[in-house]
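Notes follow the structure.
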Amino acid sequence: MNRKPIEIRALLAWTYREEMPKLEDFREGFERISVPSASTWDTIARLAVLGVRVDTSGPAPDDRPLVYPDPDAILVNETVLGFEDWTIAMPDGWDALGDLAEITDLVLTDAEREGAHRNGWDIAIPKGDRLAALVIRQAWADRGLPWRDHGRIERRPVLGANGKPAWFRVVNEARAGEVARPREVDGFNIKGRRPYAGAYRKHYLSPCPSLLVAARIEYQAWALALHHLARELRGKLARFDVSCCVPLWPWEGQEGDPSPRVLDVRPSTGASGEPFKAA
């Protein structure tokens with residue numbers, strides 16, 4: 001039998017929107033029971049309280065035929081559930097913001113870049129670590145995971161209560177019974193109408209690049225999972241010939257070797273090897 005060409009996202013949508021719900025119906029089909037009717041006196045009591053007759057005859061008989069999910073859908077689901085024990089890692093050299101200077105004319109400091117990746121990882125990993133749930137959720141919604149470009153990132157000054165850039169300074173202060181320690185305070189001298197000597201201004205990045213890093217981590221984990229599924233299912237399905245055309249780094253285009261920018265997604269059993277990449 002000739003196999004029908006299908007892209008992995010369409011295959012997953014068919015599996016979880018059309019076929020796998022049949023499995024729940026199939027299981028529940030042997031447990032269908034009818035609700036017994038209430039007594040005549042109960043019916044009269046409800047009529048007195050509510051003023052209307054309440055139908056207590058129970059649900060109508062469900063005569064729909066029980067159909068077991070397609071064997072191909074069962075195999076797809078089993079392969080997806082295999083992701084539950086997988087882990088995600090950020091290998092050395094992985095940079096989620098390699099294109100930032102090109103799209104925003106903004107050069108991050110080493111501390112800002114490191115902080116964006118650290119905080120972005122903390123935001124994304126609770127989601128990305130559950131790859132099976134992520135893949136199923138997106139398939140059920142019948143849509144791809146967007147990589148969500150958050151727009152132009154700018155370095156903006158921290159403003160004071162008057163809406164103007166604020167000044168800060170560090171002083172050594174000791175409260176009662178405590179050792180003196182550095183503390184950041186207001187750096188503007190109201191009486192002198194000028195900043196104190198050594199005062200400085202602070203800036204922040206907006207939108208926060210950590211959110212952009214988190215979105216790209218989650219996207220690439222999902223994309224790598226779909227490429228792996230396509231490879232695992234290729235040649236094993238009776239009805240379909242699976243392919244995958246999900247880009248791994250759409251924010252940087254498709255030029256060059258993507259290896260340094262690909263997350264390390266692998267089984268958590270300690271298996272060694274190269275990170276999974278697009279076929």
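Letters A, B, ... mark the chains of the structure tokens in the order given; residue numbers begin at 1 per chain; ligand numbers begin at 1, in order shown.
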Run DSSP on the backbone of this structure and report the residues of range 87-224 of chain A it assigns to helix (DSSP H, G or I), as an MDAnalysis selection string. chainID A and resid 100:104 110:128 131:140 209:224
Nearby residues (only C-alpha atoms) at most 10 Å from Gly144 in chain A, same-chain spacing under 5 positions excluded, as a PyMOL selection string: chain A and resi 9-10+135+138-139+219+222-223+246
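Every protein, DNA or RNA residue with an atom at most 12 Å from Leu233 in chain A, where only C-alpha atoms count and chain neighbours fewer than 5 positions away do not, is listed here: A:Ile6, A:Glu7, A:Ile8, A:Leu11, A:Leu12, A:Asp72, A:Ala73, A:Ile74, A:Leu75, A:Val76, A:Asn77, A:Glu78, A:Thr79, A:Val80, A:Leu226, A:His227, A:His228, A:Ala238, A:Arg239, A:Phe240, A:Asp241, A:Val242, A:Ser243, A:Cys244.
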As a ChimeraX atom specification, please: the residues near Arg130 in chain A (cut-off 12 Å, only C-alpha atoms, same-chain neighbours under 5 positions excluded). /A:80-88,124-125,135-137,218,221-222,225,265
Proximity of range 146-177 of chain A to range 201-205 of chain A: per-residue shortest pair, 6 Å limit, only C-alpha atoms, as JSON lines:
```
{"residue": "A:Glu154", "atom": "CA", "partner": "A:Leu205", "partner_atom": "CA", "distance": 5.6}
{"residue": "A:Arg155", "atom": "CA", "partner": "A:Leu205", "partner_atom": "CA", "distance": 4.6}
{"residue": "A:Arg156", "atom": "CA", "partner": "A:His203", "partner_atom": "CA", "distance": 5.2}
{"residue": "A:Pro157", "atom": "CA", "partner": "A:His203", "partner_atom": "CA", "distance": 4.2}
{"residue": "A:Val158", "atom": "CA", "partner": "A:His203", "partner_atom": "CA", "distance": 5.3}
{"residue": "A:Trp167", "atom": "CA", "partner": "A:Arg201", "partner_atom": "CA", "distance": 4.9}
```
Go ahead and write the selection's residues with N, CA and C atoms as an mmCIF file, in the first residue's frame.
```
data_model
loop_
_atom_site.group_PDB
_atom_site.id
_atom_site.type_symbol
_atom_site.label_atom_id
_atom_site.label_comp_id
_atom_site.auth_asym_id
_atom_site.auth_seq_id
_atom_site.Cartn_x
_atom_site.Cartn_y
_atom_site.Cartn_z
ATOM 1 N N GLU A 154 15.575 47.811 23.976
ATOM 2 C CA GLU A 154 16.285 49.063 24.209
ATOM 3 C C GLU A 154 16.758 49.141 25.656
ATOM 4 N N ARG A 155 17.831 49.885 25.868
ATOM 5 C CA ARG A 155 18.326 50.152 27.216
ATOM 6 C C ARG A 155 17.741 51.488 27.676
ATOM 7 N N ARG A 156 16.926 51.445 28.726
ATOM 8 C CA ARG A 156 16.224 52.628 29.186
ATOM 9 C C ARG A 156 16.646 52.995 30.609
ATOM 10 N N PRO A 157 16.634 54.294 30.934
ATOM 11 C CA PRO A 157 17.022 54.708 32.288
ATOM 12 C C PRO A 157 15.915 54.410 33.294
ATOM 13 N N VAL A 158 16.318 54.112 34.529
ATOM 14 C CA VAL A 158 15.359 53.949 35.620
ATOM 15 C C VAL A 158 14.856 55.336 36.003
ATOM 16 N N TRP A 167 18.782 59.221 40.135
ATOM 17 C CA TRP A 167 20.176 59.116 40.551
ATOM 18 C C TRP A 167 20.263 58.204 41.769
#
```
Please tabulate, as JSON lines, the residues of range 107-167 of chain A that come within 12 Å of range 182-197 of chain A, each with its closest pair of atoms and the distance in Å to one decimal, counting only C-alpha atoms and ordering rows by chain, then residue number upward.
```
{"residue": "A:Leu159", "atom": "CA", "partner": "A:Asp186", "partner_atom": "CA", "distance": 11.8}
{"residue": "A:Gly160", "atom": "CA", "partner": "A:Asp186", "partner_atom": "CA", "distance": 9.5}
{"residue": "A:Ala161", "atom": "CA", "partner": "A:Asp186", "partner_atom": "CA", "distance": 11.4}
{"residue": "A:Lys164", "atom": "CA", "partner": "A:Phe188", "partner_atom": "CA", "distance": 11.7}
{"residue": "A:Pro165", "atom": "CA", "partner": "A:Phe188", "partner_atom": "CA", "distance": 10.6}
{"residue": "A:Ala166", "atom": "CA", "partner": "A:Phe188", "partner_atom": "CA", "distance": 7.8}
{"residue": "A:Trp167", "atom": "CA", "partner": "A:Gly187", "partner_atom": "CA", "distance": 4.6}
```
If you keep N, CA and C atoms, can you produce a file of those selected residues as a PDB file, in the first residue's frame?
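Written out: result.pdb:
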```pdb
ATOM      1  N   LEU A 159      13.546  55.507  36.052  1.00  0.00           N
ATOM      2  CA  LEU A 159      12.954  56.807  36.325  1.00  0.00           C
ATOM      3  C   LEU A 159      12.578  56.952  37.795  1.00  0.00           C
ATOM      4  N   GLY A 160      12.594  58.197  38.244  1.00  0.00           N
ATOM      5  CA  GLY A 160      12.164  58.491  39.599  1.00  0.00           C
ATOM      6  C   GLY A 160      10.695  58.801  39.649  1.00  0.00           C
ATOM      7  N   ALA A 161      10.229  59.243  40.835  1.00  0.00           N
ATOM      8  CA  ALA A 161       8.815  59.543  41.006  1.00  0.00           C
ATOM      9  C   ALA A 161       8.373  60.720  40.144  1.00  0.00           C
ATOM     10  N   LYS A 164      11.560  61.564  35.724  1.00  0.00           N
ATOM     11  CA  LYS A 164      12.863  61.850  35.126  1.00  0.00           C
ATOM     12  C   LYS A 164      13.863  60.779  35.548  1.00  0.00           C
ATOM     13  N   PRO A 165      14.969  60.606  34.778  1.00  0.00           N
ATOM     14  CA  PRO A 165      15.977  59.609  35.166  1.00  0.00           C
ATOM     15  C   PRO A 165      16.448  59.822  36.597  1.00  0.00           C
ATOM     16  N   ALA A 166      16.457  58.738  37.383  1.00  0.00           N
ATOM     17  CA  ALA A 166      16.799  58.810  38.801  1.00  0.00           C
ATOM     18  C   ALA A 166      18.308  58.683  39.012  1.00  0.00           C
ATOM     19  N   TRP A 167      18.782  59.221  40.135  1.00  0.00           N
ATOM     20  CA  TRP A 167      20.176  59.116  40.551  1.00  0.00           C
ATOM     21  C   TRP A 167      20.263  58.204  41.769  1.00  0.00           C
TER      22      TRP A 167
END
```
So what do you get for CA of Gly198 in chain A versus CA of Asp105 in chain A, distance-wise? 29.5 Å
